[in-house]
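Coordinates from protein_2.cif are shown below (mmCIF, C-alpha atoms).
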```
data_coords
#
loop_
_atom_site.group_PDB
_atom_site.id
_atom_site.type_symbol
_atom_site.label_atom_id
_atom_site.label_comp_id
_atom_site.auth_asym_id
_atom_site.auth_seq_id
_atom_site.Cartn_x
_atom_site.Cartn_y
_atom_site.Cartn_z
ATOM 1 C CA MET A 1 30.959 26.083 4.910
ATOM 2 C CA ALA A 2 31.182 26.039 1.121
ATOM 3 C CA THR A 3 34.528 25.414 -0.555
ATOM 4 C CA ASN A 4 35.759 27.683 -3.336
ATOM 5 C CA THR A 5 36.461 25.109 -6.067
ATOM 6 C CA PRO A 6 39.189 26.964 -8.068
ATOM 7 C CA ALA A 7 41.017 27.990 -4.897
ATOM 8 C CA PHE A 8 40.743 24.471 -3.423
ATOM 9 C CA ALA A 9 42.025 22.910 -6.672
ATOM 10 C CA ALA A 10 45.013 25.244 -6.661
ATOM 11 C CA ILE A 11 45.881 24.551 -3.017
ATOM 12 C CA ASN A 12 45.496 20.731 -3.133
ATOM 13 C CA PRO A 13 45.218 19.530 -6.730
ATOM 14 C CA GLY A 14 45.769 15.836 -5.864
ATOM 15 C CA LEU A 15 42.901 15.708 -3.362
ATOM 16 C CA TYR A 16 40.689 17.692 -5.746
ATOM 17 C CA ARG A 17 41.287 15.190 -8.560
ATOM 18 C CA ARG A 18 40.521 12.238 -6.250
ATOM 19 C CA ARG A 19 37.267 13.845 -5.144
ATOM 20 C CA LYS A 20 36.249 14.517 -8.729
ATOM 21 C CA MET A 21 37.041 10.908 -9.629
ATOM 22 C CA THR A 22 35.035 9.600 -6.675
ATOM 23 C CA ASN A 23 32.122 11.857 -7.582
ATOM 24 C CA ALA A 24 32.199 10.696 -11.212
ATOM 25 C CA VAL A 25 32.290 7.019 -10.203
ATOM 26 C CA GLY A 26 29.394 7.542 -7.795
ATOM 27 C CA LEU A 27 27.320 9.281 -10.458
ATOM 28 C CA VAL A 28 28.019 6.537 -13.008
ATOM 29 C CA LEU A 29 27.108 3.741 -10.589
ATOM 30 C CA SER A 30 23.958 5.577 -9.465
ATOM 31 C CA SER A 31 22.894 6.149 -13.067
ATOM 32 C CA LEU A 32 23.500 2.500 -13.957
ATOM 33 C CA SER A 33 21.469 1.343 -10.946
ATOM 34 C CA MET A 34 18.604 3.663 -11.894
ATOM 35 C CA ALA A 35 18.750 2.468 -15.499
ATOM 36 C CA LEU A 36 18.660 -1.200 -14.452
ATOM 37 C CA GLY A 37 15.699 -0.529 -12.178
ATOM 38 C CA LEU A 38 13.805 1.315 -14.909
ATOM 39 C CA ILE A 39 14.548 -1.432 -17.430
ATOM 40 C CA GLY A 40 13.201 -4.074 -15.037
ATOM 41 C CA LEU A 41 10.100 -2.015 -14.300
ATOM 42 C CA LEU A 42 9.387 -1.314 -17.964
ATOM 43 C CA TRP A 43 9.936 -4.979 -18.798
ATOM 44 C CA ILE A 44 7.391 -6.042 -16.178
ATOM 45 C CA LEU A 45 4.861 -3.443 -17.319
ATOM 46 C CA TRP A 46 5.345 -4.371 -20.990
ATOM 47 C CA THR A 47 4.902 -8.083 -20.250
ATOM 48 C CA LEU A 48 1.738 -7.394 -18.257
ATOM 49 C CA ALA A 49 0.341 -5.106 -20.933
ATOM 50 C CA PHE A 50 1.233 -7.458 -23.799
ATOM 51 C CA ASN A 51 -0.352 -10.513 -22.178
ATOM 52 C CA GLY A 52 -3.097 -8.832 -20.177
ATOM 53 C CA MET A 53 -4.694 -6.345 -22.543
ATOM 54 C CA SER A 54 -5.908 -9.095 -24.844
ATOM 55 C CA ALA A 55 -7.871 -10.618 -21.944
ATOM 56 C CA LEU A 56 -9.737 -7.414 -21.120
ATOM 57 C CA SER A 57 -13.205 -7.420 -22.633
ATOM 58 C CA TRP A 58 -16.814 -6.866 -21.700
ATOM 59 C CA ASP A 59 -17.109 -10.487 -20.575
ATOM 60 C CA PHE A 60 -14.055 -10.053 -18.356
ATOM 61 C CA PHE A 61 -15.914 -7.486 -16.242
ATOM 62 C CA THR A 62 -19.429 -8.983 -16.431
ATOM 63 C CA LYS A 63 -19.051 -12.775 -16.220
ATOM 64 C CA SER A 64 -17.888 -14.967 -13.349
ATOM 65 C CA THR A 65 -14.872 -17.245 -13.417
ATOM 66 C CA PRO A 66 -15.423 -20.284 -15.647
ATOM 67 C CA ALA A 67 -15.323 -23.943 -14.660
ATOM 68 C CA PRO A 68 -12.170 -25.961 -15.416
ATOM 69 C CA GLY A 69 -11.804 -26.488 -19.152
ATOM 70 C CA SER A 70 -14.706 -24.180 -20.011
ATOM 71 C CA ALA A 71 -14.301 -21.451 -22.604
ATOM 72 C CA GLY A 72 -15.195 -17.844 -21.956
ATOM 73 C CA GLY A 73 -15.965 -16.421 -18.558
ATOM 74 C CA GLY A 74 -14.530 -13.451 -16.753
ATOM 75 C CA MET A 75 -13.507 -12.019 -13.403
ATOM 76 C CA ALA A 76 -16.680 -10.250 -12.276
ATOM 77 C CA ASN A 77 -17.030 -12.221 -9.042
ATOM 78 C CA ALA A 78 -13.327 -11.759 -8.205
ATOM 79 C CA ILE A 79 -13.432 -8.022 -8.939
ATOM 80 C CA LEU A 80 -16.507 -7.552 -6.755
ATOM 81 C CA GLY A 81 -14.990 -9.675 -3.996
ATOM 82 C CA SER A 82 -11.776 -7.657 -4.000
ATOM 83 C CA LEU A 83 -13.714 -4.389 -3.935
ATOM 84 C CA MET A 84 -15.775 -5.523 -0.944
ATOM 85 C CA ILE A 85 -12.888 -7.041 1.018
ATOM 86 C CA VAL A 86 -10.540 -4.105 0.430
ATOM 87 C CA GLY A 87 -13.357 -1.595 0.932
ATOM 88 C CA PHE A 88 -14.340 -2.925 4.354
ATOM 89 C CA ALA A 89 -10.666 -3.205 5.319
ATOM 90 C CA THR A 90 -10.187 0.450 4.376
ATOM 91 C CA ILE A 91 -13.231 1.502 6.394
ATOM 92 C CA VAL A 92 -11.830 -0.287 9.450
ATOM 93 C CA SER A 93 -8.153 0.625 9.135
ATOM 94 C CA THR A 94 -8.474 4.309 8.198
ATOM 95 C CA PRO A 95 -10.054 5.729 11.397
ATOM 96 C CA ILE A 96 -8.027 3.425 13.658
ATOM 97 C CA GLY A 97 -4.758 4.303 11.939
ATOM 98 C CA ILE A 98 -5.425 8.060 11.836
ATOM 99 C CA LEU A 99 -6.551 8.276 15.475
ATOM 100 C CA ALA A 100 -3.598 6.181 16.614
ATOM 101 C CA GLY A 101 -1.228 8.431 14.674
ATOM 102 C CA VAL A 102 -2.834 11.518 16.223
ATOM 103 C CA TYR A 103 -2.383 10.046 19.703
ATOM 104 C CA LEU A 104 1.272 9.167 19.116
ATOM 105 C CA SER A 105 2.083 12.629 17.781
ATOM 106 C CA GLU A 106 -0.148 14.923 19.833
ATOM 107 C CA PHE A 107 -0.960 13.288 23.168
ATOM 108 C CA GLY A 108 1.451 10.516 24.156
ATOM 109 C CA ARG A 109 4.588 11.430 22.249
ATOM 110 C CA THR A 110 7.006 10.542 25.071
ATOM 111 C CA SER A 111 4.928 8.122 27.141
ATOM 112 C CA ARG A 112 5.894 4.482 27.608
ATOM 113 C CA PHE A 113 2.629 3.348 26.055
ATOM 114 C CA ALA A 114 3.405 5.385 22.920
ATOM 115 C CA GLN A 115 6.888 3.903 22.714
ATOM 116 C CA ALA A 116 5.469 0.386 23.010
ATOM 117 C CA THR A 117 2.864 1.221 20.353
ATOM 118 C CA ARG A 118 5.546 2.446 17.952
ATOM 119 C CA PHE A 119 7.509 -0.740 18.560
ATOM 120 C CA VAL A 120 4.468 -2.891 17.738
ATOM 121 C CA VAL A 121 3.686 -0.787 14.652
ATOM 122 C CA ASP A 122 7.249 -1.219 13.386
ATOM 123 C CA ILE A 123 6.996 -4.983 13.880
ATOM 124 C CA MET A 124 3.692 -5.095 11.994
ATOM 125 C CA LEU A 125 5.179 -3.039 9.156
ATOM 126 C CA SER A 126 8.003 -5.513 8.696
ATOM 127 C CA ALA A 127 6.003 -8.689 9.363
ATOM 128 C CA PRO A 128 5.453 -10.944 6.322
ATOM 129 C CA SER A 129 1.865 -10.850 5.142
ATOM 130 C CA ILE A 130 1.618 -14.649 5.309
ATOM 131 C CA VAL A 131 2.274 -14.469 9.071
ATOM 132 C CA ILE A 132 -0.640 -12.065 9.467
ATOM 133 C CA GLY A 133 -2.778 -14.394 7.363
ATOM 134 C CA LEU A 134 -1.909 -17.356 9.584
ATOM 135 C CA PHE A 135 -2.659 -15.286 12.693
ATOM 136 C CA VAL A 136 -6.138 -14.339 11.432
ATOM 137 C CA PHE A 137 -6.694 -17.950 10.342
ATOM 138 C CA ALA A 138 -5.978 -19.104 13.892
ATOM 139 C CA ILE A 139 -8.164 -16.545 15.664
ATOM 140 C CA ALA A 140 -11.014 -16.218 13.148
ATOM 141 C CA VAL A 141 -11.220 -18.944 10.526
ATOM 142 C CA ALA A 142 -10.318 -21.893 12.770
ATOM 143 C CA THR A 143 -12.569 -20.585 15.543
ATOM 144 C CA ILE A 144 -15.612 -20.064 13.316
ATOM 145 C CA GLY A 145 -14.958 -23.190 11.284
ATOM 146 C CA HIS A 146 -14.993 -21.765 7.739
ATOM 147 C CA PHE A 147 -13.385 -19.143 5.514
ATOM 148 C CA SER A 148 -15.084 -15.799 5.011
ATOM 149 C CA GLY A 149 -14.718 -12.388 3.438
ATOM 150 C CA TRP A 150 -14.809 -10.791 6.894
ATOM 151 C CA ALA A 151 -11.688 -12.715 7.869
ATOM 152 C CA GLY A 152 -10.002 -11.481 4.695
ATOM 153 C CA SER A 153 -10.911 -7.884 5.534
ATOM 154 C CA LEU A 154 -9.546 -8.358 9.047
ATOM 155 C CA ALA A 155 -6.232 -9.652 7.706
ATOM 156 C CA LEU A 156 -5.907 -6.769 5.248
ATOM 157 C CA SER A 157 -6.817 -4.290 7.990
ATOM 158 C CA LEU A 158 -3.911 -5.515 10.092
ATOM 159 C CA ILE A 159 -1.646 -4.873 7.118
ATOM 160 C CA ALA A 160 -3.010 -1.370 6.427
ATOM 161 C CA ILE A 161 -3.263 -0.006 9.980
ATOM 162 C CA PRO A 162 0.495 0.320 10.652
ATOM 163 C CA VAL A 163 0.993 2.066 7.293
ATOM 164 C CA VAL A 164 -1.670 4.655 8.126
ATOM 165 C CA VAL A 165 -0.403 5.059 11.700
ATOM 166 C CA ARG A 166 3.188 5.687 10.677
ATOM 167 C CA THR A 167 2.242 8.062 7.841
ATOM 168 C CA THR A 168 -0.133 10.073 10.032
ATOM 169 C CA GLU A 169 2.384 10.395 12.870
ATOM 170 C CA ASN A 170 5.199 11.434 10.550
ATOM 171 C CA MET A 171 3.053 14.049 8.827
ATOM 172 C CA LEU A 172 1.827 15.509 12.137
ATOM 173 C CA ASN A 173 5.392 15.753 13.388
ATOM 174 C CA LEU A 174 6.110 18.087 10.462
ATOM 175 C CA VAL A 175 3.551 20.642 11.698
ATOM 176 C CA PRO A 176 5.428 23.550 13.357
ATOM 177 C CA GLY A 177 4.843 24.035 17.081
ATOM 178 C CA SER A 178 3.919 27.684 16.509
ATOM 179 C CA LEU A 179 0.689 26.588 14.804
ATOM 180 C CA ARG A 180 -0.347 24.624 17.886
ATOM 181 C CA GLU A 181 0.655 27.470 20.190
ATOM 182 C CA ALA A 182 -1.458 29.925 18.207
ATOM 183 C CA ALA A 183 -4.499 27.649 18.533
ATOM 184 C CA PHE A 184 -3.892 27.155 22.260
ATOM 185 C CA ALA A 185 -3.607 30.929 22.696
ATOM 186 C CA LEU A 186 -7.126 31.296 21.309
ATOM 187 C CA GLY A 187 -8.425 28.965 24.023
ATOM 188 C CA ALA A 188 -8.946 25.845 21.910
ATOM 189 C CA PRO A 189 -8.684 22.535 23.824
ATOM 190 C CA ARG A 190 -6.018 20.006 22.830
ATOM 191 C CA TRP A 191 -8.450 17.631 21.097
ATOM 192 C CA LYS A 192 -9.829 20.513 19.036
ATOM 193 C CA VAL A 193 -6.347 21.643 18.059
ATOM 194 C CA SER A 194 -5.379 18.096 17.056
ATOM 195 C CA LEU A 195 -8.424 17.388 14.906
ATOM 196 C CA SER A 196 -9.215 20.824 13.476
ATOM 197 C CA VAL A 197 -5.802 22.457 13.176
ATOM 198 C CA THR A 198 -2.844 20.076 12.949
ATOM 199 C CA LEU A 199 -4.664 17.200 11.247
ATOM 200 C CA ARG A 200 -6.293 19.548 8.749
ATOM 201 C CA ALA A 201 -2.903 21.090 7.972
ATOM 202 C CA VAL A 202 -1.536 17.722 6.823
ATOM 203 C CA LYS A 203 -4.695 16.154 5.392
ATOM 204 C CA GLY A 204 -3.028 15.735 2.003
ATOM 205 C CA GLY A 205 -0.234 13.645 3.493
ATOM 206 C CA VAL A 206 -2.657 11.591 5.574
ATOM 207 C CA VAL A 207 -4.821 10.830 2.550
ATOM 208 C CA THR A 208 -1.642 9.846 0.724
ATOM 209 C CA GLY A 209 -0.877 7.321 3.468
ATOM 210 C CA VAL A 210 -4.367 5.861 3.203
ATOM 211 C CA LEU A 211 -4.041 5.516 -0.576
ATOM 212 C CA LEU A 212 -0.675 3.781 -0.237
ATOM 213 C CA ALA A 213 -2.184 1.388 2.305
ATOM 214 C CA VAL A 214 -5.025 0.609 -0.113
ATOM 215 C CA ALA A 215 -2.512 0.014 -2.906
ATOM 216 C CA ARG A 216 -0.684 -2.468 -0.701
ATOM 217 C CA MET A 217 -3.873 -4.314 0.256
ATOM 218 C CA ILE A 218 -5.044 -4.740 -3.322
ATOM 219 C CA GLY A 219 -2.174 -7.006 -4.320
ATOM 220 C CA GLU A 220 -1.897 -9.134 -1.161
ATOM 221 C CA THR A 221 -2.421 -12.828 -1.858
ATOM 222 C CA ALA A 222 -1.067 -14.816 1.096
ATOM 223 C CA PRO A 223 -3.454 -13.416 3.767
ATOM 224 C CA LEU A 224 -6.489 -14.077 1.571
ATOM 225 C CA LEU A 225 -5.423 -17.672 0.901
ATOM 226 C CA PHE A 226 -5.820 -18.370 4.619
ATOM 227 C CA THR A 227 -8.906 -16.245 5.244
ATOM 228 C CA ALA A 228 -11.251 -15.495 2.318
ATOM 229 C CA LEU A 229 -10.017 -18.398 0.156
ATOM 230 C CA ASN A 230 -12.066 -18.356 -3.085
ATOM 231 C CA ASN A 231 -15.508 -18.832 -4.565
ATOM 232 C CA GLN A 232 -16.224 -19.793 -8.145
ATOM 233 C CA PHE A 233 -19.678 -18.208 -8.050
ATOM 234 C CA PHE A 234 -20.882 -14.630 -7.834
ATOM 235 C CA SER A 235 -21.480 -13.874 -4.157
ATOM 236 C CA THR A 236 -21.894 -10.813 -1.944
ATOM 237 C CA ASP A 237 -22.106 -12.757 1.324
ATOM 238 C CA MET A 238 -19.072 -11.677 3.359
ATOM 239 C CA SER A 239 -19.689 -14.439 5.905
ATOM 240 C CA GLN A 240 -18.802 -17.107 3.311
ATOM 241 C CA PRO A 241 -15.709 -17.793 1.172
ATOM 242 C CA MET A 242 -15.402 -15.029 -1.396
ATOM 243 C CA ALA A 243 -13.608 -14.754 -4.713
ATOM 244 C CA ASN A 244 -10.890 -12.114 -4.976
ATOM 245 C CA LEU A 245 -8.448 -11.128 -7.686
ATOM 246 C CA PRO A 246 -5.115 -12.100 -6.046
ATOM 247 C CA VAL A 247 -6.191 -15.652 -5.161
ATOM 248 C CA VAL A 248 -7.944 -16.209 -8.505
ATOM 249 C CA ILE A 249 -4.855 -14.990 -10.350
ATOM 250 C CA PHE A 250 -2.694 -17.360 -8.298
ATOM 251 C CA ASN A 251 -4.946 -20.345 -8.991
ATOM 252 C CA PHE A 252 -5.465 -19.596 -12.680
ATOM 253 C CA ALA A 253 -1.788 -18.906 -13.365
ATOM 254 C CA MET A 254 -0.868 -22.316 -11.922
ATOM 255 C CA SER A 255 -3.521 -24.151 -13.918
ATOM 256 C CA PRO A 256 -2.910 -26.075 -17.184
ATOM 257 C CA TYR A 257 -5.835 -24.365 -18.960
ATOM 258 C CA GLU A 258 -4.928 -21.618 -21.436
ATOM 259 C CA ASP A 259 -8.221 -19.782 -20.914
ATOM 260 C CA TRP A 260 -7.560 -19.586 -17.190
ATOM 261 C CA GLN A 261 -3.998 -18.414 -17.776
ATOM 262 C CA LYS A 262 -5.272 -15.686 -20.091
ATOM 263 C CA LEU A 263 -7.716 -14.498 -17.431
ATOM 264 C CA ALA A 264 -4.892 -14.528 -14.883
ATOM 265 C CA TRP A 265 -2.855 -12.196 -17.100
ATOM 266 C CA GLY A 266 -5.867 -9.905 -17.420
ATOM 267 C CA GLY A 267 -6.373 -9.823 -13.658
ATOM 268 C CA ALA A 268 -2.695 -9.107 -13.030
ATOM 269 C CA PHE A 269 -2.768 -6.272 -15.559
ATOM 270 C CA LEU A 270 -5.885 -4.822 -13.939
ATOM 271 C CA ILE A 271 -4.293 -4.861 -10.469
ATOM 272 C CA ALA A 272 -1.124 -3.261 -11.857
ATOM 273 C CA LEU A 273 -3.163 -0.473 -13.449
ATOM 274 C CA VAL A 274 -5.111 0.193 -10.242
ATOM 275 C CA VAL A 275 -1.993 0.205 -8.051
ATOM 276 C CA LEU A 276 -0.172 2.456 -10.523
ATOM 277 C CA ALA A 277 -3.116 4.869 -10.626
ATOM 278 C CA ILE A 278 -3.318 5.001 -6.817
ATOM 279 C CA ASN A 279 0.416 5.659 -6.470
ATOM 280 C CA VAL A 280 0.334 8.381 -9.105
ATOM 281 C CA ALA A 281 -2.663 9.999 -7.370
ATOM 282 C CA ALA A 282 -0.848 9.843 -4.035
ATOM 283 C CA ARG A 283 2.255 11.450 -5.520
ATOM 284 C CA VAL A 284 0.223 14.233 -7.128
ATOM 285 C CA MET A 285 -1.669 14.963 -3.909
ATOM 286 C CA PHE A 286 1.529 15.001 -1.856
ATOM 287 C CA ARG A 287 3.259 17.272 -4.377
ATOM 288 C CA ASP A 288 0.364 19.739 -4.362
ATOM 289 C CA LYS A 289 0.421 19.775 -0.569
ATOM 290 C CA VAL A 290 4.152 20.500 -0.449
ATOM 291 C CA GLN A 291 3.813 23.326 -2.984
ATOM 292 C CA ALA A 292 0.992 24.859 -0.983
#
```
Turn this file's structure into structure tokens for me.
Amino acid sequence: MATNTPAFAAINPGLYRRRKMTNAVGLVLSSLSMALGLIGLLWILWTLAFNGMSALSWDFFTKSTPAPGSAGGGMANAILGSLMIVGFATIVSTPIGILAGVYLSEFGRTSRFAQATRFVVDIMLSAPSIVIGLFVFAIAVATIGHFSGWAGSLALSLIAIPVVVRTTENMLNLVPGSLREAAFALGAPRWKVSLSVTLRAVKGGVVTGVLLAVARMIGETAPLLFTALNNQFFSTDMSQPMANLPVVIFNFAMSPYEDWQKLAWGGAFLIALVVLAINVAARVMFRDKVQA
């Protein structure tokens, strides 16, 4: 029930003044926190842009990483490796995550198996990425005997699947029950209702979840250190160690060579731009869906 402010101030002026003071303090602290966060974000973006833009050139996108102490070179092999590793991880994680989210929301919402699945998904969401990298190293890399791009894709898939599952389930739970009832009244089976009615109604939110999962995979370094490792040469063989942007940036940033450090800044700036573009696209798609 709303409170009439003038009447409330007249009845209890002391309590009214305390509430106004508390509200003002809360607004000031919230504004200061937002300002500090924006300053830190802008500082990071400015530093990346200032140091990274100078490294971006035609050679950066067309030449492979140089040898130690060599001038020139680029990040072509690392860019291609990241595209392949993240691309295959997306192909694997997207259908698994969406179908699992559909099951949790539409078929087994209250079953014990669904509850156990949600518990495991929550654990995977909060698990450090280096733990997932060590797990894939133990079951894939150590078993096969060498690093590979496939192992890197597997590690990134395990990171992306819980994000897609949770997003899909949450979006499907927002669909009103009347929409399902209308489809059932027309004689549609449950699987048809789930895939053609409810999932289509929230496709914008589901795609948003997939994009956010991709944005998270792009910048992961620890899992790839234990799985894909690195490769100085241009390679498309996913069964062998493969160059990728996060690991190359890590190695080059720690090196004593200025040329390598400059390339590391360029790679970091490129990843920041891609992640920023994906997040902006996800926000725009989600906003359009809400307005519709």
Give as a list of chain:residue names the residues that the PyMOL selection byres ((chain A and resi 231) around 8) matches when applied to the coordinates above.
A:Leu229, A:Asn230, A:Gln232, A:Phe233, A:Phe234, A:Ser235, A:Pro241, A:Met242, A:Ala243
Grab the residues selected above and save them as an mmCIF file, keeping the file's coordinate frame with C-alpha atoms.
```cif
data_model
loop_
_atom_site.group_PDB
_atom_site.id
_atom_site.type_symbol
_atom_site.label_atom_id
_atom_site.label_comp_id
_atom_site.auth_asym_id
_atom_site.auth_seq_id
_atom_site.Cartn_x
_atom_site.Cartn_y
_atom_site.Cartn_z
ATOM 1 C CA LEU A 229 -10.017 -18.398 0.156
ATOM 2 C CA ASN A 230 -12.066 -18.356 -3.085
ATOM 3 C CA GLN A 232 -16.224 -19.793 -8.145
ATOM 4 C CA PHE A 233 -19.678 -18.208 -8.050
ATOM 5 C CA PHE A 234 -20.882 -14.630 -7.834
ATOM 6 C CA SER A 235 -21.480 -13.874 -4.157
ATOM 7 C CA PRO A 241 -15.709 -17.793 1.172
ATOM 8 C CA MET A 242 -15.402 -15.029 -1.396
ATOM 9 C CA ALA A 243 -13.608 -14.754 -4.713
#
```
Please write as a PyMOL selection string the full residue list that the PyMOL selection byres ((chain A and resi 262) around 9) yields on this file.
chain A and resi 51-52+54-55+252-253+257-261+263-267
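Near segment 78-82 of chain A, within 8 Å and counting only C-alpha atoms, sit Phe61, Ser64, Thr65, Met75, Ala76, Met84, Ile85, Val86, Gly87, Gly149, Ile218, Ser235, Thr236, Met242, Ala243, Asn244, Leu245 and Val248 of chain A; same-chain residues fewer than 2 positions away were not included.
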Pick from A:Ser157, A:Ser126, A:Ser57, A:Thr62, whichever lies nearest to Gly97 of chain A using all atoms listed in the file:
A:Ser157
Using all atoms of segment 268-284 of chain A that appear in the file, construct an axis-aligned enclosing box with 4 Å of padding on every side and provide its centre coordinates and edge lengths in Å, rounded to one decimal, as AutoDock Vina command-line options.
```
--center_x -1.8 --center_y 2.6 --center_z -9.8 --size_x 16.1 --size_y 31.3 --size_z 19.5
```
Please report as JSON lines every residue of segment 59-174 of chain A lying within 6 Å of segment 195-209 of chain A, along with the nearest atom pair and their distance in Å (one decimal), using all atoms listed in the file.
```
{"residue": "A:Val164", "atom": "CA", "partner": "A:Gly209", "partner_atom": "CA", "distance": 5.4}
{"residue": "A:Thr167", "atom": "CA", "partner": "A:Gly209", "partner_atom": "CA", "distance": 5.4}
{"residue": "A:Thr168", "atom": "CA", "partner": "A:Val206", "partner_atom": "CA", "distance": 5.3}
```
Go through the shown structure with the PyMOL selection byres ((chain A and resi 225) around 10) and write out the matching residues as a VMD selection string.
chain A and resid 130 133 to 134 137 147 152 220 to 224 226 to 230 244 246 to 248 250
Atom CA of Ala268 of chain A to atom CA of Trp43 of chain A, straight-line distance in Å
14.5 Å
Between atom CA of Thr94 of chain A and atom CA of His146 of chain A - distance in Å to one decimal:
26.9 Å
Computed interatomic separation between atom CA of Gly26 of chain A and atom CA of Ile44 of chain A (Å):
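Going from atom CA of Gly26 of chain A over to atom CA of Ile44 of chain A, I get 27.2 Å.
Of the residues listed (A:Pro176, A:Ser111, A:Ile271, A:Ala35), A:Ile271 shows the shortest atom-to-atom separation from Leu48 of chain A; distances use only C-alpha atoms.
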Exercise: Leu212 of chain A partners within 8 Å, only C-alpha atoms, chain neighbours under 2 positions left out, as a ChimeraX atom specification
/A:163,208-210,214-216,278-279,282
Return the single residue from A:Leu36, A:Gly219, A:Ala155, A:Leu83 that is closest to Leu273 of chain A, with distances computed using only C-alpha atoms.
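Among the listed residues, the smallest separation from Leu273 of chain A belongs to A:Gly219.
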With only C-alpha atoms as the atoms that count, which of A:Val121, A:Leu211, A:Leu56, A:Met217 lies nearest to Gly73 of chain A?
A:Leu56
So which one's closest to Pro162 of chain A, A:Ala277, A:Ala114, A:Ile91, A:Ala213? Using only C-alpha atoms, please.
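Between A:Ala277, A:Ala114, A:Ile91, A:Ala213, the residue approaching Pro162 of chain A most closely is A:Ala213.
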Provide segment 89-141 of chain A of the preceding structure as a file containing C-alpha atoms, as a PDB file, in the first residue's frame.
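Now in result_7.pdb:
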```pdb
ATOM      1  CA  ALA A  89      33.022 -26.116 -28.602  1.00  0.00           C
ATOM      2  CA  THR A  90      29.982 -24.037 -29.558  1.00  0.00           C
ATOM      3  CA  ILE A  91      28.728 -26.728 -31.930  1.00  0.00           C
ATOM      4  CA  VAL A  92      28.964 -29.307 -29.138  1.00  0.00           C
ATOM      5  CA  SER A  93      27.679 -27.249 -26.212  1.00  0.00           C
ATOM      6  CA  THR A  94      24.736 -25.497 -27.892  1.00  0.00           C
ATOM      7  CA  PRO A  95      22.464 -28.494 -28.669  1.00  0.00           C
ATOM      8  CA  ILE A  96      23.377 -30.279 -25.427  1.00  0.00           C
ATOM      9  CA  GLY A  97      22.725 -27.189 -23.320  1.00  0.00           C
ATOM     10  CA  ILE A  98      19.449 -26.279 -25.056  1.00  0.00           C
ATOM     11  CA  LEU A  99      18.034 -29.819 -24.926  1.00  0.00           C
ATOM     12  CA  ALA A 100      19.041 -30.193 -21.286  1.00  0.00           C
ATOM     13  CA  GLY A 101      17.366 -26.883 -20.462  1.00  0.00           C
ATOM     14  CA  VAL A 102      14.214 -27.981 -22.297  1.00  0.00           C
ATOM     15  CA  TYR A 103      14.148 -31.225 -20.310  1.00  0.00           C
ATOM     16  CA  LEU A 104      14.601 -29.465 -16.968  1.00  0.00           C
ATOM     17  CA  SER A 105      11.835 -26.967 -17.698  1.00  0.00           C
ATOM     18  CA  GLU A 106       9.310 -28.989 -19.695  1.00  0.00           C
ATOM     19  CA  PHE A 107       9.646 -32.678 -18.841  1.00  0.00           C
ATOM     20  CA  GLY A 108      11.413 -33.344 -15.538  1.00  0.00           C
ATOM     21  CA  ARG A 109      10.820 -30.135 -13.623  1.00  0.00           C
ATOM     22  CA  THR A 110      10.167 -31.829 -10.260  1.00  0.00           C
ATOM     23  CA  SER A 111      11.902 -35.181 -10.730  1.00  0.00           C
ATOM     24  CA  ARG A 112      14.884 -36.247  -8.641  1.00  0.00           C
ATOM     25  CA  PHE A 113      17.024 -36.589 -11.749  1.00  0.00           C
ATOM     26  CA  ALA A 114      16.250 -32.969 -12.687  1.00  0.00           C
ATOM     27  CA  GLN A 115      17.132 -31.784  -9.196  1.00  0.00           C
ATOM     28  CA  ALA A 116      20.443 -33.654  -9.338  1.00  0.00           C
ATOM     29  CA  THR A 117      21.110 -32.195 -12.798  1.00  0.00           C
ATOM     30  CA  ARG A 118      20.495 -28.659 -11.546  1.00  0.00           C
ATOM     31  CA  PHE A 119      22.854 -29.303  -8.648  1.00  0.00           C
ATOM     32  CA  VAL A 120      25.604 -30.479 -11.016  1.00  0.00           C
ATOM     33  CA  VAL A 121      24.995 -27.526 -13.355  1.00  0.00           C
ATOM     34  CA  ASP A 122      25.315 -25.087 -10.450  1.00  0.00           C
ATOM     35  CA  ILE A 123      28.591 -26.717  -9.409  1.00  0.00           C
ATOM     36  CA  MET A 124      29.933 -26.489 -12.963  1.00  0.00           C
ATOM     37  CA  LEU A 125      28.917 -22.827 -13.170  1.00  0.00           C
ATOM     38  CA  SER A 126      30.903 -21.985 -10.063  1.00  0.00           C
ATOM     39  CA  ALA A 127      33.852 -24.315 -10.704  1.00  0.00           C
ATOM     40  CA  PRO A 128      37.156 -22.579 -11.540  1.00  0.00           C
ATOM     41  CA  SER A 129      38.085 -23.017 -15.176  1.00  0.00           C
ATOM     42  CA  ILE A 130      41.518 -24.373 -14.227  1.00  0.00           C
ATOM     43  CA  VAL A 131      39.809 -27.293 -12.448  1.00  0.00           C
ATOM     44  CA  ILE A 132      37.925 -28.137 -15.638  1.00  0.00           C
ATOM     45  CA  GLY A 133      41.187 -27.887 -17.566  1.00  0.00           C
ATOM     46  CA  LEU A 134      42.895 -30.309 -15.183  1.00  0.00           C
ATOM     47  CA  PHE A 135      39.936 -32.695 -15.437  1.00  0.00           C
ATOM     48  CA  VAL A 136      40.103 -32.769 -19.251  1.00  0.00           C
ATOM     49  CA  PHE A 137      43.894 -33.114 -19.051  1.00  0.00           C
ATOM     50  CA  ALA A 138      43.472 -36.217 -16.896  1.00  0.00           C
ATOM     51  CA  ILE A 139      40.806 -37.901 -19.023  1.00  0.00           C
ATOM     52  CA  ALA A 140      41.919 -36.814 -22.507  1.00  0.00           C
ATOM     53  CA  VAL A 141      45.438 -35.434 -22.758  1.00  0.00           C
TER      54      VAL A 141
END
```
